[in-house]
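As structure tokens, the structure follows; a few thoughts come after it.
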Amino acid sequence: MATVSEFRICPTTGLKVHSAAEKLIKANAVVAVVFLAIGGLFGLMVALTRWQAVHLLPADWFYLALTAHGFDVLLAWIIFFEIAVLYFASAILLNCRLAAPKVAWAAFWLMLIGALVANVAVLQGGSSVMFTSYVPMKAAPHFYLGLILFAVGALLGVAVFFGTLVIAKEEKTYEGSLPLVTFGAVTAAIIAVYTIASGAIILIPTFLWSIGLVSHIDTLMYKLVWWGMGHSSQQINVSAHVAVWYAIAALVLGAKPISEKVSRLAFLFYILFLQLASAHHLLAEPGLSAEWKVFNTSYAMYLAVLGSMIHGMTVPGSIEAAQRARGFNNGLFQWLRKAPWGNPAFSGMFLSLVMFGFIGGISGVVLGTEQINVMMHNTLYVPGHFHGTVVAGTTLAFMAITYLLVPLIFRREVMFPKLAKIQPYLFGLGVLGISVFMMGAGTLGVARRHWDMNFADAALTFDYPPAAFLMMALNGLSAVMAATGGLIFIVVVVGSVLFGKKVEGKIDLTGGAAVAKYGSAGTLKIPGTAVLVAVFFTCFVLYYFVNWKYLSELWPLR
Amino acid sequence: MASPNKPGDDERVPFMQRLLDNPFLLLFLGVASPAVLYTIWGIMEIIQIPIAK
């Protein structure tokens with residue numbers, strides 16, 4: 001049992017903060033931001049190389065940078081931050097001590113050592129196998145070893161989270177059901193267990209293959225199990241960033257979900273079906289049946305999409321209900337106009353919500369439909385889609401909540417407030433451009449993971465339309481804008497944590513403790529949200545059927 | 001802390017609420033569902049592919 005001296009009371013939220021949990025949240029969040037900076041730099045190099053007029057890197061460096069970019073941002077940045085979110089959503093929001101802090105520190109060091117070892121392997125140049133590391137491409141053994149260590153560490157962190165839930169229940173630090181933000185974190189943790197198990201199942205034999213103890217890894221088997229990790233790891237992100245949306249809405253505006261039960265049901269859809277979307281990477285594989293493909297994508301995945309659409313309505317709906325309760329009742333959208341757009345936590349969260357739905361969500365359904373997937377499978381449309389989910393959705397949401405974690409957990413004022421104010425807009429606009437222009441290039445057939453779309457010195461050449469080159473140039477410009485937004489984020493956050501003025505008393509947060517409470521807004525008077533949802537559905541249906549029209553033109557019936 | 005969802009002693013907790021309040025049952029379902037429908041089903045299809053001669 002932890003002693004009273006191991007806790008402090010947060011003056012803003014009134015929550016008990018366990019010092020061990022606080023230190024671990026800080027450590028994981030700081031390392032996450034460092035990997036975001038490194039991975040973001042590699043991403044900028046990749047984008048500037050694919051901008052044909054710049055063509056920054058030679059081929060070997062391009063594939064090295066692409067591998068490092070994928071690992072550092074898709075795994076290291078996001079999983080470190082997610083572990084911080086798990087500890088925050090359990091120990092802090094449930095008012096209890098963190099289970100086994102020593103195990104949590106072991107998890108942290110394993111993840112850090114694993115991430116560093118994998119980075120060293122990539123930078124040595126012999127492991128440019130890209131994020132997917134498809135066999136028979138072989139990386140250096142310590143590349144796989146680094147990934148395995150990282151995964152074991154993350155699994156230990158998830159175990160600490162579940163242990164903390166048990167402690168909170170036994171010590172009765174909360175009553176009734178878990179708060180919604182914690183429930184969202186439970187969803188992320190459950191998906192993490194399947195993700196890491198899939199990674200272990202495939203990466204351990206691949207490591208043994210790399211040192212010569214296993215003679216052969218079947219390529220299709222590798223792809224199947226690897227995507228159980230590779231795509232599901234992005235589903236951890238979705239669950240975590242949706243939990244972060246609810247947390248920011250509650251902290252900044254005191255927003256309660258429209259209906260706790262419906263939001264929890266939406267998370268249940270994630271738990272049961274979201275990981276099955278991994279199958280969309282295998283829709284062009286001849287060895288798997290149409291039944292397996294269609295069930296896992298078009299049937300089961302749509303139930304998870306239903307979950308996302310529920311969150312897409314209830315998060316803005318909860319904000320509208322909270323704003324109307326504060327008196328912003330004029331017309332359909334006064335609640336939205338009067339929202340705190342100058343607060344980077346709110347603006348980042350709302351931009352993340354809109355871009356995740358309109359860009360990442362709709363394009364994900366298109367990619368997950370077997371028939372229309374063939375038009376853009378393995379083209380730049382795929383990274384266009386996942387930059388809409390993982391960067392516009394997850395990264396922007398995590399950046400947004402960092403602006404609250406700095407005063408609440410690090411107890412420092414955010415420095416350079418004017419820069420912080422514009423940062424989500426700059427980063428968000430840049431990522432919007434990256435996603436849209438990559439999807440545009442993919443629609444024109446431009447292959448992903450390809451160093452030179454001019455096919456110079458290639459035995460067989462192909463001429464892309466000029467519009468494809470324009471798309472790649474606009475993608476490069478957007479990447480510069482996003483990188484500038486990312487750099488501002490790093491400067492503001494690192495500056496605030498190291499040199500920010502100490503926060504002594506309460507900070508100005510309307511919601512405060514609402515984030516740790518179970519309960520619904522108890523109103524359905526959200527006409528503005530209903531209009532936004534109608535606009536979303538119209539865009540969704542139009543874009544979906546436009547792609548079927550494209551398909552009919554690809555193979556016309558005569 | 002208030003607990004608006006806490007049922008009275010004599011009130012039966014609905015099945016869905018008991019399910020959603022049990023993180024370890026959810027953990028089992030969340031691992032079993034993709035393990036069966038995606039991984040095991042997929043592996044069974046792959047191992048049935050005839051080996052080239």
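As shown in the structure tokens, the chain order sets the letters A, B, ...; within each chain, residues go from 1, and ligands are also counted from 1 in the order they appear.
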
Exercise for the section: Considering only C-alpha atoms, return as a PyMOL selection string whatever protein or nucleic-acid residues lie within 9 Å of B:Leu37, sequence-local ones (same chain, fewer than 6 positions apart) excluded. Expected result: chain A and resi 276+292+295-296

Problem - Test item: chain A residues at most 10 Å from chain B, counting only C-alpha atoms, as a PyMOL selection string - result: chain A and resi 162+165-166+173-178+183+186-187+189-195+197-198+218+220-221+224-225+227-228+232+260-261+264-265+267-279+287-289+292-293+295-297+300+516-520

Practice task
Enumerate as a PyMOL selection string all residues of chain B assigned to alpha helix (DSSP H) by DSSP on the backbone, naming them with the chain letters and numbers the document uses.
Solution key: chain B and resi 15-20+23-34+41-47

Would you mind exporting N, CA and C atoms of the selected residues as a compact mmCIF listing (two decimals), in the first residue's frame?
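Below is the file selection18.txt, written as the result:
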```
# COMPACT_ATOMS: atom_id res chain seq x y z
N PHE B 15 -26.81 -7.35 -18.45
CA PHE B 15 -25.70 -8.14 -19.00
C PHE B 15 -24.64 -7.27 -19.65
N MET B 16 -25.10 -6.31 -20.47
CA MET B 16 -24.12 -5.47 -21.19
C MET B 16 -23.25 -4.68 -20.23
N GLN B 17 -23.88 -4.21 -19.12
CA GLN B 17 -23.07 -3.44 -18.18
C GLN B 17 -22.06 -4.33 -17.48
N ARG B 18 -22.50 -5.57 -17.15
CA ARG B 18 -21.54 -6.49 -16.51
C ARG B 18 -20.38 -6.79 -17.47
N LEU B 19 -20.71 -6.94 -18.75
CA LEU B 19 -19.66 -7.20 -19.75
C LEU B 19 -18.70 -6.01 -19.83
N LEU B 20 -19.27 -4.81 -19.94
CA LEU B 20 -18.42 -3.63 -20.11
C LEU B 20 -17.66 -3.27 -18.84
N PRO B 23 -12.97 -5.74 -17.41
CA PRO B 23 -11.90 -5.56 -18.41
C PRO B 23 -11.21 -6.85 -18.82
N PHE B 24 -11.21 -7.85 -17.93
CA PHE B 24 -10.50 -9.08 -18.29
C PHE B 24 -11.33 -9.96 -19.22
N LEU B 25 -12.66 -9.90 -19.08
CA LEU B 25 -13.51 -10.59 -20.06
C LEU B 25 -13.38 -9.89 -21.41
N LEU B 26 -13.35 -8.56 -21.38
CA LEU B 26 -13.15 -7.81 -22.63
C LEU B 26 -11.79 -8.14 -23.25
N LEU B 27 -10.79 -8.30 -22.40
CA LEU B 27 -9.45 -8.65 -22.89
C LEU B 27 -9.50 -9.99 -23.62
N PHE B 28 -10.20 -10.97 -23.00
CA PHE B 28 -10.32 -12.29 -23.65
C PHE B 28 -11.01 -12.15 -25.00
N LEU B 29 -12.15 -11.42 -25.01
CA LEU B 29 -12.90 -11.28 -26.27
C LEU B 29 -12.09 -10.52 -27.32
N GLY B 30 -11.38 -9.50 -26.85
CA GLY B 30 -10.62 -8.65 -27.78
C GLY B 30 -9.42 -9.36 -28.38
N VAL B 31 -8.92 -10.38 -27.71
CA VAL B 31 -7.80 -11.16 -28.28
C VAL B 31 -8.35 -12.34 -29.07
N ALA B 32 -9.41 -12.99 -28.53
CA ALA B 32 -9.94 -14.19 -29.20
C ALA B 32 -10.57 -13.85 -30.55
N SER B 33 -11.28 -12.72 -30.63
CA SER B 33 -11.99 -12.39 -31.87
C SER B 33 -11.03 -12.26 -33.07
N PRO B 34 -10.00 -11.40 -33.01
CA PRO B 34 -9.10 -11.33 -34.17
C PRO B 34 -8.22 -12.57 -34.31
N TRP B 41 -7.96 -18.35 -38.96
CA TRP B 41 -8.65 -18.59 -40.25
C TRP B 41 -7.67 -18.34 -41.41
N GLY B 42 -6.92 -17.27 -41.35
CA GLY B 42 -5.96 -16.95 -42.42
C GLY B 42 -4.87 -18.01 -42.52
N ILE B 43 -4.34 -18.45 -41.37
CA ILE B 43 -3.28 -19.47 -41.40
C ILE B 43 -3.82 -20.77 -41.99
N MET B 44 -5.07 -21.12 -41.62
CA MET B 44 -5.65 -22.36 -42.17
C MET B 44 -5.76 -22.27 -43.69
N GLU B 45 -6.09 -21.10 -44.20
CA GLU B 45 -6.18 -20.97 -45.67
C GLU B 45 -4.80 -21.08 -46.31
N ILE B 46 -3.80 -20.51 -45.67
CA ILE B 46 -2.46 -20.53 -46.28
C ILE B 46 -1.89 -21.95 -46.29
N ILE B 47 -2.09 -22.68 -45.18
CA ILE B 47 -1.49 -24.03 -45.14
C ILE B 47 -2.20 -25.01 -46.08
```

Practice task
Go through A:Trp109, A:Phe88, A:Trp77, A:Phe207 one by one, measure the shortest atom-to-atom distance of each to A:Ile148 using only C-alpha atoms, and give the residue with the smallest value.
Solution key: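 So, comparing all the options, the nearest one is A:Phe207.
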
Handout entry: atom CA of A:Ala483 to atom CA of A:Asn454, distance in Å rounded to a single decimal
Key =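 Going from atom CA of A:Ala483 over to atom CA of A:Asn454 covers 25.7 Å.
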